[in-house]
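Content type mmCIF, C-alpha atoms and all ligand atoms, from the file input.cif:
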data_data
#
loop_
_atom_site.label_atom_id
_atom_site.label_comp_id
_atom_site.auth_asym_id
_atom_site.auth_seq_id
_atom_site.Cartn_x
_atom_site.Cartn_y
_atom_site.Cartn_z
CA MET A 1 91.62 99.24 104.06
CA LEU A 2 90.84 97.35 100.94
CA LEU A 3 87.26 96.26 100.57
CA THR A 4 88.37 92.96 99.07
CA VAL A 5 90.32 92.25 102.23
CA LYS A 6 87.81 93.68 104.67
CA TYR A 7 84.89 91.83 103.10
CA ALA A 8 86.64 88.62 102.12
CA PRO A 9 84.07 85.91 102.85
CA LYS A 10 84.57 84.34 106.27
CA SER A 11 82.51 81.27 105.52
CA ILE A 12 81.27 79.38 102.50
CA ASP A 13 77.74 80.66 103.16
CA GLU A 14 78.86 84.25 102.98
CA MET A 15 79.96 83.83 99.39
CA ILE A 16 77.80 84.67 96.43
CA GLY A 17 77.15 82.61 93.30
CA ASN A 18 78.20 79.06 92.40
CA ASP A 19 75.94 77.53 95.04
CA GLU A 20 76.41 74.00 93.80
CA GLY A 21 80.18 74.24 93.58
CA ARG A 22 80.41 75.72 97.04
CA GLU A 23 78.24 72.98 98.45
CA ARG A 24 80.46 70.32 96.89
CA ILE A 25 83.58 71.94 98.29
CA ASN A 26 82.01 72.11 101.72
CA LYS A 27 81.01 68.41 101.63
CA TRP A 28 84.49 67.49 100.45
CA MET A 29 86.00 69.26 103.44
CA LEU A 30 83.54 67.72 105.87
CA ASN A 31 84.49 64.32 104.53
CA TRP A 32 88.14 64.96 105.19
CA LEU A 33 87.37 66.22 108.67
CA ALA A 34 85.41 63.05 109.31
CA GLY A 35 88.43 61.02 108.33
CA ASN A 36 87.41 60.07 104.80
CA LYS A 37 90.19 60.63 102.34
CA ARG A 38 89.16 62.45 99.21
CA LYS A 39 90.88 63.27 95.95
CA PRO A 40 92.43 66.74 95.74
CA LEU A 41 90.10 69.40 94.43
CA LEU A 42 90.89 71.42 91.35
CA VAL A 43 88.80 74.56 91.58
CA TYR A 44 88.81 76.38 88.28
CA GLY A 45 87.22 79.40 86.66
CA PRO A 46 87.73 83.04 85.65
CA PRO A 47 89.42 85.67 87.86
CA GLY A 48 87.75 87.16 90.91
CA VAL A 49 84.97 84.64 91.43
CA GLY A 50 86.22 83.28 94.74
CA LYS A 51 88.51 80.35 93.91
CA THR A 52 91.12 81.43 96.41
CA SER A 53 88.56 82.86 98.82
CA VAL A 54 86.69 79.61 99.11
CA THR A 55 89.78 77.96 100.58
CA TYR A 56 90.24 80.75 103.08
CA ALA A 57 86.57 80.52 103.96
CA LEU A 58 87.07 76.83 104.79
CA LYS A 59 90.08 77.65 106.92
CA ASN A 60 88.04 80.14 108.87
CA GLN A 61 84.89 78.15 109.16
CA TYR A 62 86.54 74.95 110.39
CA ASP A 63 89.54 76.45 112.12
CA ILE A 64 91.98 74.56 109.95
CA GLU A 65 95.61 75.43 109.41
CA LEU A 66 96.17 76.52 105.85
CA VAL A 67 99.48 75.81 104.18
CA GLU A 68 99.81 77.83 101.05
CA MET A 69 102.22 76.73 98.38
CA ASN A 70 103.54 79.38 96.11
CA ALA A 71 103.17 78.30 92.51
CA SER A 72 106.80 79.10 91.86
CA GLU A 73 107.81 76.50 94.41
CA LEU A 74 106.34 73.83 92.19
CA ARG A 75 109.51 74.01 90.17
CA ASN A 76 111.39 72.08 92.72
CA ARG A 77 110.34 68.54 93.43
CA ASN A 78 112.18 68.33 96.73
CA ARG A 79 110.60 71.50 97.87
CA VAL A 80 107.14 70.27 96.94
CA GLU A 81 107.70 67.04 98.82
CA HIS A 82 109.09 68.88 101.77
CA ILE A 83 106.09 71.14 102.02
CA VAL A 84 103.51 68.43 101.69
CA LYS A 85 105.30 66.14 104.10
CA SER A 86 106.02 68.77 106.69
CA ALA A 87 102.44 69.87 106.48
CA THR A 88 101.32 66.36 107.30
CA LEU A 89 103.81 66.03 110.08
CA ALA A 90 103.11 69.39 111.65
CA GLY A 91 99.46 68.49 111.54
CA THR A 92 100.03 65.67 113.94
CA LEU A 93 102.09 67.92 116.19
CA SER A 94 99.73 70.84 116.50
CA GLY A 95 96.60 68.78 116.49
CA LYS A 96 95.02 71.10 113.96
CA ASP A 97 93.83 69.77 110.67
CA LYS A 98 95.74 71.01 107.66
CA LEU A 99 94.61 72.13 104.30
CA ILE A 100 97.06 72.72 101.49
CA LEU A 101 96.39 75.34 98.87
CA ILE A 102 98.26 75.32 95.59
CA ASP A 103 97.01 78.53 94.08
CA ASP A 104 97.12 79.28 90.35
CA VAL A 105 98.72 75.98 89.51
CA ASP A 106 98.28 76.51 85.77
CA ILE A 107 100.53 79.52 85.73
CA PHE A 108 103.85 77.97 86.51
CA ALA A 109 103.16 74.39 85.67
CA GLY A 110 104.08 74.58 82.02
CA ARG A 111 107.33 76.43 82.19
CA LYS A 112 110.41 74.75 80.78
CA ASP A 113 112.33 75.19 83.99
CA SER A 114 109.53 73.76 86.06
CA GLY A 115 109.51 69.96 86.08
CA GLY A 116 106.63 70.79 88.38
CA PRO A 117 103.47 69.17 87.10
CA GLY A 118 104.92 65.66 87.28
CA ALA A 119 106.14 66.22 90.80
CA VAL A 120 102.87 67.74 91.90
CA ALA A 121 100.85 64.98 90.29
CA SER A 122 102.77 62.24 92.08
CA ILE A 123 102.54 64.09 95.37
CA LEU A 124 98.81 64.50 94.88
CA LYS A 125 98.51 60.75 94.50
CA GLU A 126 100.19 60.16 97.86
CA THR A 127 99.13 63.11 99.97
CA ALA A 128 97.59 62.36 103.32
CA CYS A 129 96.04 65.78 103.71
CA PRO A 130 93.37 67.70 101.85
CA VAL A 131 94.69 69.70 98.92
CA ILE A 132 92.90 72.37 96.95
CA LEU A 133 94.38 73.60 93.69
CA THR A 134 93.12 76.53 91.70
CA ALA A 135 93.47 77.33 88.03
CA THR A 136 91.84 79.50 85.44
CA ASP A 137 91.62 76.84 82.80
CA ALA A 138 91.39 73.26 84.00
CA TRP A 139 91.68 71.95 80.46
CA ASP A 140 95.03 73.51 79.82
CA LYS A 141 97.36 70.75 78.51
CA LYS A 142 100.11 71.83 80.89
CA ILE A 143 98.17 70.56 83.85
CA SER A 144 96.64 67.42 82.38
CA ALA A 145 98.77 65.21 84.66
CA ILE A 146 97.60 67.18 87.64
CA ARG A 147 94.00 67.25 86.50
CA SER A 148 93.75 63.49 86.31
CA GLU A 149 94.60 63.25 90.01
CA CYS A 150 91.86 65.69 90.98
CA GLU A 151 88.16 66.08 91.36
CA LEU A 152 87.06 69.13 89.37
CA VAL A 153 84.87 71.97 90.64
CA GLU A 154 83.97 74.73 88.27
CA MET A 155 83.36 78.25 89.53
CA LYS A 156 81.64 80.47 87.03
CA LYS A 157 81.32 84.19 86.63
CA ILE A 158 79.00 85.75 89.20
CA ASN A 159 75.84 87.32 87.89
CA LYS A 160 75.49 91.06 88.08
CA ILE A 161 72.42 91.03 90.30
CA ALA A 162 74.24 89.09 92.99
CA ILE A 163 77.25 91.37 92.63
CA GLY A 164 75.00 94.43 92.83
CA LYS A 165 73.44 93.19 96.07
CA LEU A 166 76.84 92.57 97.59
CA LEU A 167 78.02 96.05 96.59
CA GLU A 168 74.89 97.57 98.02
CA SER A 169 75.30 95.92 101.39
CA ILE A 170 78.97 96.89 101.57
CA ALA A 171 78.26 100.48 100.52
CA LYS A 172 75.70 100.66 103.31
CA LYS A 173 78.07 99.31 105.94
CA GLU A 174 80.73 101.74 104.76
CA ASN A 175 78.31 104.67 104.73
CA MET A 176 79.23 105.38 101.15
CA ASP A 177 77.52 108.10 99.24
CA ILE A 178 76.65 106.21 96.10
CA GLY A 179 73.42 105.80 94.19
CA ALA A 180 71.72 102.62 93.04
CA GLY A 181 72.39 103.54 89.42
CA ARG A 182 76.12 103.79 89.93
CA ILE A 183 76.15 100.50 91.83
CA ALA A 184 74.33 98.79 89.00
CA GLU A 185 76.83 100.24 86.58
CA ILE A 186 79.81 98.94 88.56
CA ALA A 187 78.18 95.53 88.86
CA GLU A 188 77.60 95.46 85.12
CA ASN A 189 81.15 96.55 84.24
CA ALA A 190 82.65 93.92 86.49
CA ALA A 191 81.59 91.24 83.99
CA GLY A 192 81.27 88.57 86.65
CA ASP A 193 84.47 89.45 88.53
CA VAL A 194 83.72 90.27 92.17
CA ARG A 195 87.24 91.48 92.90
CA SER A 196 87.11 94.09 90.22
CA ALA A 197 83.62 95.17 91.32
CA LEU A 198 84.84 95.73 94.88
CA ASN A 199 87.88 97.63 93.69
CA ASP A 200 85.72 99.84 91.52
CA LEU A 201 83.36 100.48 94.39
CA GLN A 202 86.31 101.54 96.50
CA ALA A 203 87.76 103.74 93.78
CA ASN A 204 84.42 105.41 93.22
CA GLY A 205 84.80 107.76 96.15
CA THR A 206 88.49 108.50 95.81
CA GLY A 207 89.46 111.71 94.13
CA LEU A 208 92.71 112.22 92.31
CA ARG A 209 94.19 114.20 95.15
CA ASP A 210 93.70 111.35 97.57
CA ARG A 211 95.43 109.08 95.17
CA GLU A 212 98.54 111.19 95.11
CA LYS A 213 98.65 111.33 98.88
CA ASP A 214 98.14 107.59 98.90
CA ILE A 215 101.23 106.90 96.90
CA PHE A 216 103.51 108.38 99.55
CA VAL A 217 101.85 106.16 102.09
CA LYS A 218 102.33 103.25 99.75
CA MET A 219 106.03 104.00 99.42
CA LYS A 220 106.42 104.02 103.16
CA THR A 221 104.46 100.80 103.52
CA LEU A 222 106.51 99.11 100.84
CA PHE A 223 109.96 100.20 101.84
CA LYS A 224 109.41 99.62 105.54
CA ALA A 225 107.66 96.30 104.97
CA VAL A 226 109.16 93.24 106.54
CA THR A 227 106.68 90.73 105.23
CA TYR A 228 105.67 89.67 101.77
CA GLY A 229 102.02 90.45 102.46
CA GLU A 230 102.63 94.01 103.62
CA ALA A 231 104.75 94.78 100.59
CA ARG A 232 102.33 93.13 98.23
CA SER A 233 99.39 95.10 99.60
CA VAL A 234 100.57 98.35 98.02
CA ALA A 235 99.68 97.06 94.59
CA TYR A 236 96.06 96.54 95.54
CA GLY A 237 93.39 99.12 95.14
CA ASP A 238 93.30 102.09 92.94
CA VAL A 239 96.83 102.23 91.65
CA ASP A 240 98.37 101.87 88.24
CA PHE A 241 101.10 99.26 88.41
CA ASN A 242 103.32 101.07 85.92
CA ILE A 243 103.17 104.28 87.89
CA LEU A 244 103.82 102.38 91.07
CA LYS A 245 106.92 100.87 89.49
CA LEU A 246 108.23 104.31 88.54
CA TRP A 247 107.88 105.37 92.14
CA ILE A 248 109.64 102.28 93.41
CA ASP A 249 112.40 102.76 90.84
CA GLU A 250 112.92 106.37 91.87
CA ASN A 251 112.96 105.69 95.57
CA ILE A 252 115.07 102.58 96.00
CA PRO A 253 118.24 104.67 96.48
CA ASN A 254 116.41 107.08 98.76
CA GLU A 255 115.49 104.32 101.15
CA TYR A 256 118.30 101.83 100.94
CA GLU A 257 121.78 102.78 101.98
CA SER A 258 123.79 99.64 101.48
CA ALA A 259 124.99 99.14 97.92
CA ALA A 260 124.14 95.47 98.10
CA ASP A 261 120.53 96.22 99.11
CA ILE A 262 120.17 98.70 96.30
CA ALA A 263 121.58 96.27 93.76
CA THR A 264 119.31 93.46 94.93
CA ALA A 265 116.27 95.68 94.84
CA TYR A 266 116.99 96.79 91.29
CA ARG A 267 117.54 93.20 90.25
CA TRP A 268 114.03 92.27 91.45
CA LEU A 269 112.57 95.25 89.74
CA SER A 270 114.14 94.35 86.44
CA LYS A 271 113.01 90.76 86.83
CA SER A 272 109.52 92.11 87.20
CA ASP A 273 109.94 94.01 83.93
CA VAL A 274 111.17 90.96 82.10
CA PHE A 275 108.29 88.99 83.49
CA GLU A 276 105.77 91.60 82.56
CA GLY A 277 107.18 91.66 79.04
CA ARG A 278 106.48 87.94 78.75
CA ILE A 279 102.98 88.27 80.07
CA ARG A 280 101.84 90.64 77.40
CA LYS A 281 102.27 87.81 74.97
CA SER A 282 100.56 85.17 77.03
CA SER A 283 98.30 85.69 79.97
CA TRP A 284 97.41 88.67 82.09
CA VAL A 285 96.87 86.40 85.04
CA LEU A 286 100.66 86.40 85.32
CA LEU A 287 100.65 90.07 86.19
CA LYS A 288 100.20 89.01 89.79
CA TYR A 289 103.69 87.59 89.73
CA ALA A 290 105.24 90.63 88.11
CA ILE A 291 103.66 92.63 90.90
CA ASP A 292 105.08 90.28 93.52
CA LEU A 293 108.57 90.80 92.15
CA ALA A 294 108.31 94.56 92.02
CA THR A 295 106.77 94.96 95.46
CA ALA A 296 107.76 92.11 97.75
CA GLY A 297 111.00 91.50 95.85
CA VAL A 298 112.11 95.07 96.34
CA ALA A 299 110.84 95.34 99.91
CA LEU A 300 112.57 92.19 101.04
CA SER A 301 115.86 93.15 99.40
CA LYS A 302 116.94 95.02 102.47
CA SER A 303 119.44 93.28 104.69
CA ARG A 304 118.09 95.27 107.64
CA PRO A 305 115.17 97.67 108.11
CA TYR A 306 116.15 101.31 107.81
CA ALA A 307 114.66 103.02 110.83
CA LYS A 308 114.77 106.51 109.45
CA PHE A 309 112.48 109.04 107.95
CA THR A 310 112.74 108.85 104.19
CA LYS A 311 111.60 111.65 101.97
CA TYR A 312 110.15 109.82 98.99
CA ALA A 313 110.57 111.59 95.70
CA PHE A 314 108.26 112.10 92.80
CA PRO A 315 109.54 110.04 89.84
CA GLU A 316 111.71 112.13 87.53
CA TYR A 317 110.22 110.48 84.49
CA LEU A 318 106.70 111.50 85.47
CA ARG A 319 107.88 115.01 86.22
CA GLU A 320 109.45 115.30 82.79
CA MET A 321 106.32 113.92 81.20
CA SER A 322 104.07 116.38 82.91
CA ARG A 323 106.52 119.19 82.28
CA SER A 324 106.55 118.55 78.56
CA MET A 325 102.81 118.12 78.56
CA GLN A 326 102.45 121.49 80.25
CA THR A 327 104.89 123.02 77.80
CA ARG A 328 102.93 121.69 74.89
CA ALA A 329 99.69 123.00 76.34
CA LEU A 330 101.25 126.42 76.93
CA MET A 331 102.75 126.54 73.47
CA LYS A 332 99.34 125.85 72.08
CA SER A 333 97.49 128.50 74.06
CA VAL A 334 100.19 131.13 73.57
CA GLY A 335 100.33 130.38 69.85
CA LEU A 336 96.57 130.73 69.57
CA LYS A 337 96.53 134.06 71.36
CA ILE A 338 99.35 135.55 69.32
CA GLY A 339 97.87 134.15 66.15
CA GLY A 340 94.52 135.69 67.01
CA LYS A 341 96.01 139.15 67.35
CA THR A 342 98.40 138.95 64.42
CA HIS A 343 96.18 137.01 62.06
CA THR A 344 98.68 134.27 61.49
CA ASN A 345 98.46 130.60 62.11
CA ARG A 346 99.65 129.14 65.34
CA ARG A 347 102.98 127.85 64.03
CA HIS A 348 103.96 131.19 62.52
CA ALA A 349 102.81 132.94 65.62
CA LEU A 350 105.24 130.88 67.69
CA GLU A 351 108.13 132.05 65.57
CA MET A 352 107.40 135.52 66.85
CA LEU A 353 107.84 134.40 70.44
CA PRO A 354 111.45 135.59 70.96
CA LEU A 355 110.45 138.98 69.62
CA ILE A 356 107.47 139.26 71.88
CA ALA A 357 109.64 138.15 74.78
CA MET A 358 112.01 141.02 74.10
CA GLN A 359 109.18 143.50 73.93
CA MET A 360 107.94 142.08 77.17
CA GLN A 361 111.14 143.16 78.92
CA LYS A 362 110.35 146.74 78.03
CA ASN A 363 106.63 146.68 78.48
CA GLY A 364 105.48 143.55 80.20
CA GLU A 365 102.12 144.84 81.29
CA GLY A 366 101.26 146.12 77.84
CA ILE A 367 102.04 142.79 76.24
CA GLU A 368 100.10 140.96 78.90
CA ARG A 369 97.07 143.12 78.33
CA TYR A 370 97.25 143.19 74.56
CA TYR A 371 97.52 139.45 74.04
CA GLU A 372 95.50 138.62 77.16
CA PHE A 373 98.15 136.26 78.50
CA ASP A 374 97.74 134.74 81.89
CA GLU A 375 100.49 134.33 84.44
CA SER A 376 101.78 130.93 83.36
CA GLU A 377 101.78 132.01 79.73
CA MET A 378 103.82 135.11 80.66
CA GLU A 379 106.32 132.90 82.47
CA PHE A 380 106.51 130.59 79.52
CA ILE A 381 107.21 133.44 77.11
CA ALA A 382 109.83 134.94 79.41
CA GLY A 383 111.57 131.57 79.32
CA SER A 384 111.72 131.66 75.54
CA ARG A 385 113.69 134.88 75.52
CA PRO A 386 116.97 134.52 73.58
CA LYS A 387 119.81 134.21 76.10
CA ARG A 388 122.07 136.82 74.47
CA SER A 389 119.57 139.59 74.85
CA VAL A 390 119.27 139.13 78.58
CA LYS A 391 120.94 142.01 80.30
CA SER A 392 121.13 142.18 84.01
N1 LIG B 401 81.93 84.50 95.31
C1 LIG B 401 82.35 85.54 96.06
N2 LIG B 401 81.62 85.99 97.09
C2 LIG B 401 82.02 87.05 97.82
N3 LIG B 401 83.16 87.72 97.60
C3 LIG B 401 83.93 87.31 96.57
C4 LIG B 401 83.57 86.22 95.76
N4 LIG B 401 84.52 86.04 94.84
C5 LIG B 401 85.42 86.98 95.04
N5 LIG B 401 85.10 87.76 96.09
C6 LIG B 401 85.83 88.92 96.55
O1 LIG B 401 86.87 89.17 95.63
C7 LIG B 401 88.15 88.98 96.22
C8 LIG B 401 89.03 88.18 95.28
O2 LIG B 401 88.54 86.88 95.13
P1 LIG B 401 89.48 85.62 94.93
O3 LIG B 401 90.89 85.98 95.21
O4 LIG B 401 88.92 84.48 95.68
O5 LIG B 401 89.33 85.36 93.37
P2 LIG B 401 89.91 84.19 92.48
O6 LIG B 401 88.78 83.47 91.87
O7 LIG B 401 90.86 83.39 93.29
O8 LIG B 401 90.66 85.03 91.35
P3 LIG B 401 92.06 84.78 90.58
O9 LIG B 401 91.78 83.84 89.47
O10 LIG B 401 92.44 86.13 90.07
O11 LIG B 401 93.03 84.25 91.58
C9 LIG B 401 87.89 88.31 97.54
O12 LIG B 401 88.79 88.77 98.53
C10 LIG B 401 86.49 88.72 97.89
O13 LIG B 401 86.52 89.95 98.56
MG MG B 402 92.96 83.21 93.20
#
Would you mind writing the structure in this file as structure tokens?
Amino acid sequence: MLLTVKYAPKSIDEMIGNDEGRERINKWMLNWLAGNKRKPLLVYGPPGVGKTSVTYALKNQYDIELVEMNASELRNRNRVEHIVKSATLAGTLSGKDKLILIDDVDIFAGRKDSGGPGAVASILKETACPVILTATDAWDKKISAIRSECELVEMKKINKIAIGKLLESIAKKENMDIGAGRIAEIAENAAGDVRSALNDLQANGTGLRDREKDIFVKMKTLFKAVTYGEARSVAYGDVDFNILKLWIDENIPNEYESAADIATAYRWLSKSDVFEGRIRKSSWVLLKYAIDLATAGVALSKSRPYAKFTKYAFPEYLREMSRSMQTRALMKSVGLKIGGKTHTNRRHALEMLPLIAMQMQKNGEGIERYYEFDESEMEFIAGSRPKRSVKS
């Protein structure tokens, strides 16, 4: 399980850093709970400092119902109104207090096709329930209309000592074999981002082999997923998104049987690519959305779950890559060995390969011994034998 999920703060007090901001958020919530209407909160600051977590901590601490609004829904005014109104209404039905979270509002607000910020701003003016919005940069022009309806709370980077202490306590609970020096290093590298520190701590113990095994598990989780969250979870942790996408790409037709499902899944995947292409020019924060498209988009493309055992395949592209990398490595070592014996440079030596391969047919052992080739080098040379000379 991911450390960021397992150790997500359950209450405001459990969080580290930004004491003043946390205290203000807590008071704001208590005011709402006591029946005093307050302006929506715009919690802003760099990634991984707890902007989203603080809302979840409130939910937990006060047993409130949290209604999360996807930033992409902001595009549609009716949808925004519907969500805010139904949240208010449902609140009276269930008896539970509601808290609305509009996460990462800066990301979608400025898009041409949005029309969102105006709608959100006017809703914020009228809303009868507490709303928390989060953003990286509160001063971004795109959200100025929204900002003026909100009370601002800044959350800053977390200092490395606090991060180090958190890592230490988690490492202890997890019985991790990790020294204080390494913990300090991870805390330092995190540059104030708790999420990345926790991910690094988790990755610290995982060897490469585990990672490869993991990816099959991830494929199964993704393709069998029936919820957004399940599908999304495969992108967390120690995985390279681009590699993950290659795996998804390769395995869509292995899992899905209906042509329509396959087509839909590929459409989401290519949307993710387009999106990712845009991000590189603007903001990396958007990567989250490219990941959503590639994981949840693909997973939820199925019209029905496929209750079968699927043999997930290694991506052909990666196989080719590693094959040609191996070939290049072999060419180099073989060239060096031949060159060493024949006093020629490596390139010239390689020109002698077909010849050596032919000699090898007659006296394989002799060649092996003379040039000191190992098994994979012998195989490689045998493969370079000119086809015409092969007699069998
Ligand atoms: N202040 C904190 N105290 C304890 N844990 C934290 C804190 N901030 C972040 N974390 C850990 O990092 C994870 C990610 O944090 P969170 O999603 O709240 O970051 P964020 O500020 O919303 O980042 P982003 O801008 O990328 O959305 C949490 O699940 C939690 O495990
Ligand atoms: Mg967040």
May I have the residues within 8 Å of A:Gly339 as a PDB file with C-alpha atoms, keeping the file's coordinate frame, using all atoms listed in the file and disregarding those fewer than 5 positions away in the same chain?
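And here's result.pdb as it stands now:
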ATOM      1  CA  THR A 344      98.680 134.270  61.490  1.00  0.00           C
ATOM      2  CA  ASN A 345      98.460 130.600  62.110  1.00  0.00           C
ATOM      3  CA  ARG A 346      99.650 129.140  65.340  1.00  0.00           C
ATOM      4  CA  HIS A 348     103.960 131.190  62.520  1.00  0.00           C
ATOM      5  CA  ALA A 349     102.810 132.940  65.620  1.00  0.00           C
TER       6      ALA A 349
END
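Residues of protein or nucleic acid lying within 9 Å of ligand MG 402 (chain B), counting all atoms listed in the file, are A:Pro47, A:Gly48, A:Val49, A:Gly50, A:Lys51, A:Thr52, A:Ser53, A:Asp103, A:Asp104, A:Thr134, A:Ala135, A:Thr136.
Of note, atom CA of A:Met331 and atom CA of A:Leu318 are spaced 19.6 Å apart.
Distance annotation: of A:Lys27, A:Lys156, A:Lys96, A:Arg38, the residue with the minimal separation from ligand LIG 401 (chain B) is A:Lys156; atom set is only C-alpha atoms and all ligand atoms.
Remark: for A:Ser11, the closest of the candidate residues A:Asn36, A:Asn31, A:Thr55, A:Asn363 is A:Thr55 (distances computed over only C-alpha atoms).
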Distance in Å - atom CA of A:Leu133 versus atom CA of A:Ala296: 23.2 Å
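For the choices A:Ala357, A:Ala145, A:Ile183, A:Ala197, the atom-to-atom distance to A:Glu377 is smallest for A:Ala357 when using all atoms listed in the file.
Atom to atom, atom CA of A:Ala8 and atom CA of A:Ala34 stand 26.6 Å apart.
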Nearby residues (only C-alpha atoms) at most 8 Å from stretch 227-233 of chain A, same-chain spacing under 4 positions excluded, as a ChimeraX atom specification: /A:221-223,291-292,295-296,299-300
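Shortest separation to ligand LIG 401 (chain B) among A:Tyr306, A:Phe380, A:Tyr44, A:Trp139 occurs at residue A:Tyr44, atoms counted being all atoms listed in the file.
Of the residues listed (A:Phe216, A:Tyr62, A:Trp28, A:Tyr289), A:Tyr289 shows the shortest atom-to-atom separation from ligand LIG 401 (chain B); distances use all atoms listed in the file.
Checking A:Gln326, A:Thr127, A:Asn254, A:Ser333 one by one against A:Thr310, counting all atoms listed in the file, you find the shortest gap at A:Asn254.
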